[in-house]
Amino acid sequence: MDIIRLVSEMQQRAISAQAAGQTISFVPTMGFLHQGHLSLIEEGRKKGDLLVLSIFVNPTQFGQGEDFEDYPRGLQQDSDLAQEAGVDIIFAPEASDMYPDGYATYVDVEGITDNLCGRSRPGHFRGVCTVVSKLFNIVQPQVAIFGNKDFQQLAVIRRITLDMNMPVEIVGMSIFRESDGLAMSSRNVYLTPELRKQALVLSQSLLKAKALVESGETDCATVISRLRESIACQPDARIDYVQICHQSTLADQDHIDIDSVLLLAVYVGNTRLIDNGYLVQNHD
Ligand code: AMP
């Protein structure tokens, strides 16, 4: 496994691989790898001859006062895990190489970025869309693997690749969870044992909503208010949003149907956690 730090070197490797007829599969991450990332890597291994994993904590997708500085990092441990998982290249660029002096180009996706995380984290998706577009140009993958954990991010990336005619297949993978249901996230390390318990309120909200729907409830407002009540019982939980949206437009819905996805963002202590799931069976 190679670790490439320079944008120019990574792009040259991609061009050579393409010329040699290799299929490049790509898993973009911010590192501090966990089982969720590894499930994407495993899928990437199946899909390409050359598997590239990027590790880049992208400054442009963090807002003021967010956790860019504190975001957990650990390249040594990440590279051990990546090597074991069959990654061919880790691409871990410096921010100064990705955004050199004079950098002035940003990619914005309209509409589906207005709701949910796009609303509570202004500028976040502009940063995500910009870095993913840049990474696609550098790594030149035929296939890129993302997690459904970041449901809106995946929808936005599908939108850019379609709108910009990018020749890359986007694959979405299901959410990898701890045995008690907590969605795996690099940010879970911020949680103390007490907050870790309270964080279960996200996955439990999904189960609760599914149970309500199974018992015949179809009114989104009713489900949302029941969830808000139970989240409010956790002393250190603060709701950012609890919404039920259409899976492709991400517009809020009034009534639950086959396309309904529950999306949650909740601060537990100072840690902002997200989770989501379809509400009508036969999706998950
Ligand atoms: P991150 O490093 O948090 O930016 O995530 C990199 C990729 O891993 C994104 O496509 C995420 O959606 C995906 N991912 C993060 N957590 C999980 C998880 N628990 N299960 C599946 N995919 C995940």
# chains A, B, ... in the order shown; residues from 1 in each chain; ligands from 1
call {"tool": "residues_around", "arguments": {"residues": "Ser120 of chain A", "least_positions_apart": "2", "cutoff": "12 Å", "atoms": "only C-alpha atoms", "output": "list of chain:residue names"}}
result
A:Phe62, A:Gly63, A:Glu66, A:Thr113, A:Asp114, A:Asn115, A:Leu116, A:Cys117, A:Gly118, A:Pro122, A:Gly123, A:His124, A:Phe125, A:Ile239, A:Asp240, A:Tyr241, A:Val242, A:Leu264, A:Ala265, A:Val266, A:Arg272
call {"tool": "residues_around", "arguments": {"residues": "Cys245 of chain A", "least_positions_apart": "3", "cutoff": "6 Å", "atoms": "only C-alpha atoms", "output": "MDAnalysis selection string"}}
result
chainID A and resid 250:253 260:261
call {"tool": "write_last_selection", "arguments": {"atoms": "N, CA and C atoms", "output": "compact mmCIF listing (two decimals), in the first residue's frame"}}
result
# COMPACT_ATOMS: atom_id res chain seq x y z
N LEU A 250 -35.77 15.18 -0.68
CA LEU A 250 -35.47 15.61 0.69
C LEU A 250 -36.41 16.71 1.16
N ALA A 251 -37.55 16.86 0.49
CA ALA A 251 -38.56 17.81 0.96
C ALA A 251 -39.33 17.18 2.11
N ASP A 252 -39.77 18.02 3.06
CA ASP A 252 -40.56 17.51 4.19
C ASP A 252 -41.88 16.93 3.68
N GLN A 253 -42.31 15.86 4.33
CA GLN A 253 -43.57 15.24 3.96
C GLN A 253 -44.61 15.47 5.05
N SER A 260 -40.62 7.64 2.56
CA SER A 260 -40.33 8.47 3.74
C SER A 260 -39.05 8.03 4.45
N VAL A 261 -38.23 9.02 4.75
CA VAL A 261 -37.02 8.78 5.54
C VAL A 261 -37.06 9.70 6.76
call {"tool": "residues_near_ligand", "arguments": {"ligand": "ligand 1", "cutoff": "8 Å", "atoms": "only C-alpha atoms and all ligand atoms", "output": "VMD selection string"}}
result
chain A and resid 27 to 37 39 to 40 55 57 145 to 151 153 to 154 172 to 177 183 to 186
call {"tool": "write_last_selection", "arguments": {"atoms": "N, CA and C atoms", "output": "short mmCIF file (atom, residue, chain, number, x, y, z; two decimals), in the first residue's frame"}}
result
data_model
loop_
_atom_site.label_atom_id
_atom_site.label_comp_id
_atom_site.auth_asym_id
_atom_site.auth_seq_id
_atom_site.Cartn_x
_atom_site.Cartn_y
_atom_site.Cartn_z
N VAL A 27 -12.89 5.44 -2.07
CA VAL A 27 -13.64 5.66 -0.83
C VAL A 27 -13.11 6.94 -0.17
N PRO A 28 -13.87 8.04 -0.28
CA PRO A 28 -13.43 9.28 0.37
C PRO A 28 -13.83 9.31 1.84
N THR A 29 -12.91 9.68 2.72
CA THR A 29 -13.22 9.76 4.16
C THR A 29 -12.45 10.93 4.78
N MET A 30 -12.81 11.19 6.04
CA MET A 30 -12.02 12.14 6.83
C MET A 30 -11.15 11.38 7.83
N GLY A 31 -11.05 10.05 7.65
CA GLY A 31 -10.14 9.28 8.49
C GLY A 31 -10.71 8.94 9.85
N PHE A 32 -9.82 8.48 10.74
CA PHE A 32 -10.19 7.93 12.04
C PHE A 32 -11.17 6.79 11.80
N LEU A 33 -10.66 5.81 11.07
CA LEU A 33 -11.51 4.77 10.47
C LEU A 33 -12.18 3.88 11.50
N HIS A 34 -13.41 3.51 11.18
CA HIS A 34 -14.17 2.55 12.00
C HIS A 34 -14.80 1.52 11.06
N GLN A 35 -15.59 0.62 11.64
CA GLN A 35 -16.18 -0.47 10.85
C GLN A 35 -17.05 0.04 9.70
N GLY A 36 -17.70 1.18 9.91
CA GLY A 36 -18.53 1.75 8.84
C GLY A 36 -17.67 2.06 7.61
N HIS A 37 -16.54 2.73 7.85
CA HIS A 37 -15.61 3.00 6.74
C HIS A 37 -15.13 1.69 6.12
N SER A 39 -16.59 -1.12 5.89
CA SER A 39 -17.59 -1.76 5.02
C SER A 39 -17.58 -1.10 3.63
N LEU A 40 -17.30 0.19 3.58
CA LEU A 40 -17.20 0.87 2.27
C LEU A 40 -15.95 0.38 1.53
N ILE A 55 -8.04 10.28 2.81
CA ILE A 55 -8.18 10.72 4.20
C ILE A 55 -7.86 12.20 4.20
N VAL A 57 -9.35 15.76 6.23
CA VAL A 57 -10.30 16.54 7.04
C VAL A 57 -10.40 17.90 6.34
N ILE A 145 -17.63 5.01 -3.40
CA ILE A 145 -18.51 4.39 -2.40
C ILE A 145 -18.73 5.37 -1.24
N PHE A 146 -20.00 5.57 -0.91
CA PHE A 146 -20.37 6.47 0.20
C PHE A 146 -21.33 5.75 1.13
N GLY A 147 -21.49 6.28 2.35
CA GLY A 147 -22.39 5.67 3.32
C GLY A 147 -23.73 6.39 3.38
N ASN A 148 -24.78 5.61 3.59
CA ASN A 148 -26.11 6.17 3.80
C ASN A 148 -26.24 6.90 5.13
N LYS A 149 -25.25 6.70 5.99
CA LYS A 149 -25.25 7.42 7.27
C LYS A 149 -25.40 8.92 7.02
N ASP A 150 -24.68 9.41 6.00
CA ASP A 150 -24.80 10.82 5.62
C ASP A 150 -25.76 10.89 4.44
N PHE A 151 -27.04 10.71 4.76
CA PHE A 151 -28.05 10.49 3.73
C PHE A 151 -28.13 11.67 2.76
N GLN A 153 -25.84 13.97 2.22
CA GLN A 153 -24.58 14.07 1.47
C GLN A 153 -24.60 13.15 0.24
N LEU A 154 -25.08 11.93 0.45
CA LEU A 154 -25.12 10.98 -0.66
C LEU A 154 -26.07 11.47 -1.75
N GLY A 172 -24.05 3.47 -2.72
CA GLY A 172 -24.41 3.82 -1.33
C GLY A 172 -24.46 2.56 -0.47
N MET A 173 -23.87 2.63 0.71
CA MET A 173 -23.83 1.46 1.61
C MET A 173 -24.64 1.74 2.88
N SER A 174 -25.24 0.67 3.43
CA SER A 174 -26.08 0.89 4.61
C SER A 174 -25.28 1.29 5.85
N ILE A 175 -26.00 1.80 6.81
CA ILE A 175 -25.37 2.33 8.03
C ILE A 175 -24.85 1.18 8.88
N PHE A 176 -23.59 1.26 9.25
CA PHE A 176 -22.98 0.26 10.12
C PHE A 176 -23.15 0.74 11.56
N ARG A 177 -23.69 -0.15 12.42
CA ARG A 177 -24.03 0.25 13.79
C ARG A 177 -23.25 -0.55 14.83
N ALA A 183 -25.16 4.45 15.55
CA ALA A 183 -24.49 4.49 14.25
C ALA A 183 -23.01 4.82 14.46
N MET A 184 -22.13 4.05 13.82
CA MET A 184 -20.70 4.32 14.00
C MET A 184 -20.35 5.67 13.40
N SER A 185 -19.49 6.38 14.11
CA SER A 185 -19.05 7.70 13.64
C SER A 185 -17.72 8.00 14.30
N SER A 186 -16.85 8.67 13.55
CA SER A 186 -15.56 9.07 14.15
C SER A 186 -15.82 9.97 15.35
#
call {"tool": "closest_residue", "arguments": {"among": "A:Leu195, A:Gly269, A:Ile3, A:Pro141", "to": "Gln76 of chain A", "atoms": "only C-alpha atoms"}}
result
A:Ile3
call {"tool": "closest_residue", "arguments": {"among": "A:Leu263, A:Ala209, A:Ala20, A:Leu202", "to": "Ile231 of chain A", "atoms": "only C-alpha atoms"}}
result
A:Leu202
